[in-house]
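The next block holds one structure in the form of structure tokens; read it before the comments.
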Amino acid sequence: MKLLQDQLERLKIHMGAAWLFPVPPVIHFVPEQRTCAYCSKQLVVQKTRLGARAATLAIGEFRVHETICVCPGCGTVVPAAQLRELIPPGANFGYDVMVHIGKLLFLQCRGYEEIREDLLSRNISISLSEIGVLAKKFVLSIGMLHRRMQGALNDLMQFHGGYILHLDGTCEGASPHLVSVLDGITEIVLENIKLTSENAQDLIPFLQHIRSSYGDPAAVVSDMGKGIAGAVAEVFPEVPAFICHFHFLKAAGNDLLGAEQELIRGKLRKHKVRAALRNLRKRLEQHIDSRNPHGVAVLAQGVRDDGLQQADSYAHLPLAAAYLLVLWVLDASSTCSGYGFPFDQPYLVLYQRIREAYRRLKDLLPIQLQGNYKDNRCYGWVLAALRSAINDPELAAAALRMEQKVQVFTRLRRAMRITLPEGKQGLTDCGELPVNMHTIRSAVTSFCTALSKQNQKLQYPEYQKLIATITSRGPQLFADPILLHTAAGSILIQPQRTNNLLETFFRKLMRGYRKRNGFSSVEKKLKTMLTDTPLVMNLNNAQYMNLLIGKDASLEQRFAELDIQQLRHLFKEKPIASCACFPFLKNIIRRSNLPEAIVGLLKKTAS
């Protein structure tokens with residue numbers, strides 16, 4: 001079966017355009033129209049021309065031979081309509097090539113080199129700069145189509161009872177703020193803008209444009225930014241404004257844990273613990289490969305089965321134990337749930353694992369499985385890598401404070417019943433739905449009351465600020481659900497539970513840029529990104545695509561209907577913008593009690 005599939009794949013390649021037309025063919029395009037649409041006179045041939053090379057996905061590269069007609073009465077020029085449906089006037093690449101590049105780049109996160117190789121396999125030769133040009137035209141075309149269908153989009157939202165305006169922005173470093181508006185019901189991105197900051201003066205004109213285009217929303221959901229709140233109050237004074245529970249917790253956690261997070265991160269970087277451990281991992285791997293390559297598997301099996309098999313020699317076990325502990329410390333980020341800081345605390349967990357591994361290595365030092373202390377020298381290597389961080393009193397004190405604050409923050413998360421520590425849904429987690437908002441308000445009130453009675457904690461301004469914020473923001477946090485009248489009947493919606501839609505959207509958008517470019521910072525991309533780029537994400541929305549292209553048309557056909565002069569004007573106006581461990585070890589090194597299990601196992605073996 002596998003051989004048959006391989007043969008079919010090879011056959012598909014040979015049947016493609018590159019196989020059918022190894023030399024670019026000449027294709028003739030003649031107007032189907034015979035009479036003038038204005039004066040009904042018979043058209044005559046004005047000229048024929050053999051154009052430069054062109055390319056489409058269906059054919060590959062070819063030469064265009066076009067016949068152009070003219071009306072002898074009124075002088076109307078009639079070009080070949082079929083050619084205009086395939087390729088924009090004056091262009092060399094078809095609409096289908098532009099769409100193909102746009103989807104690969106923005107929806108599949110493929111790099112420019114990958115896209116060029118893909119097109120070469122389809123008998124289309126293209127430069128990297130031309131891919132960038134077509135990608136830009138793709139985004140601008142999507143923006144033009146989006147604004148052309150605003151009426152249909154309004155009808156769709158009214159069918160659902162209106163729209164919930166979710167407003168949020170993202171930035172990195174010195175980049176501008178990319179602010180997006182999304183409808184929380186259809187999950188369609190409505191508009192975007194790039195601003196120097198999220199202040200009310202800049203946001204008010206943008207929200208006024210939203211209001212004129214889509215009318216008043218049923219509700220507005222945002223984070224706690226003062227600029228956003230001021231702009232919303234100015235433009236939508238009668239519309240209920242909610243604070244997203246996810247963003248509220250994120251802001252509260254940043255205020256509560258942010259200082260300790262930065263201190264711990266800075267200290268760990270100063271001590272270069274992870275770099276030392278990565279180098280040590282390579283060193284241990286070399287020793288393991290040269291002495292006993294199966295030792296790690298034997299120890300991992302013993303940890304899993306809570307007992308080692310009888311063997312003639314255990315001299316390899318200390319190396320394996322040190323190696324597993326190093327992997328366990330470096331794997332600290334695996335405990336994260338995908339919410340990001342402050343819900344996940346990767347640097348605190350890393351320090352906690354450093355501390356636990358150091359303590360357990362001290363326990364392992366006196367255990368001599370073969371009666372030779374030299375076998376345990378590898379423990380000293382790991383201890384040396386961890387010692388500078390362990391002996392830092394400021395780091396230890398910051399970790400202790402953060403551990404206490406994390407307990408408080410976790411109680412608040414549980415009271416609000418969202419982003420729970422044991423949750424594994426990441427940013428798709430909208431908490432319990434449906435949920436009684438009165439129950440949440442009561443639980444949060446009880447949390448504040450209990451925290452207020454702890455005089456020792458109230459000495460810290462962070463706790464005082466947390467209680468004050470909850471008290472002042474209560475009406476926006478715990479408002480009752482809103483009633484929407486849809487075509488299918490009335491429904492109740494709790495919009496403040498779902499604004500992580502935009503957080504998820506931004507995460508996907510930025511992850512795509514990081515994946516394509518191979519680096520973590522997207523500051524430069526945010527500076528050069530076209531404002532309409534987030535609209536491309538709507539192409540994954542079935543309702544949106546049904547409005548955009550209908551049932552029988554295609555995106556290429558819709559692009560061909562656009563005003564090419566307007567597109568060119570817009571184009572000129574906007575600048576172009578580890579060493580993997582063995583798979584069977586993953587379950588072992590992700591055990592939270594691995595150091596304790598290793599110590600217990602080796603003590604049992606030694607006895």
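Ordering of the structure tokens sets the chain letters (A, B, ...); residue numbers start at 1 within each chain; ligands are numbered from 1 in the order shown.
The list of residues with at least one atom within 12 Å of A:Val45, based on only C-alpha atoms and without residues fewer than 3 positions apart in the same chain, reads Val30, Pro31, Gln33, Arg34, Thr35, Gln42, Thr48, Arg49, Glu66, Thr67, Ile68, Cys69, Val70, Cys71, Pro72, Gly75, Thr76, Val77, Val78, Pro79 and Ala80 of chain A.
Compared by their closest atoms to A:Gly51, and using only C-alpha atoms, the residues A:Tyr38, A:Tyr544, A:Phe246, A:Phe29 rank with A:Phe29 nearest.
The nearest approach to A:Ile470 among the residues A:Leu119, A:Ile142, A:Leu249, A:Leu83, with only C-alpha atoms taken into account, belongs to A:Leu249.
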### Message
Would you pick out the contacts of A:His160 at 7 Å or less, using only C-alpha atoms, so that residues sharing its chain but fewer than 2 positions from it are not included, and give the list as a PyMOL selection string?
### Response
chain A and resi 156-158+162+486-487
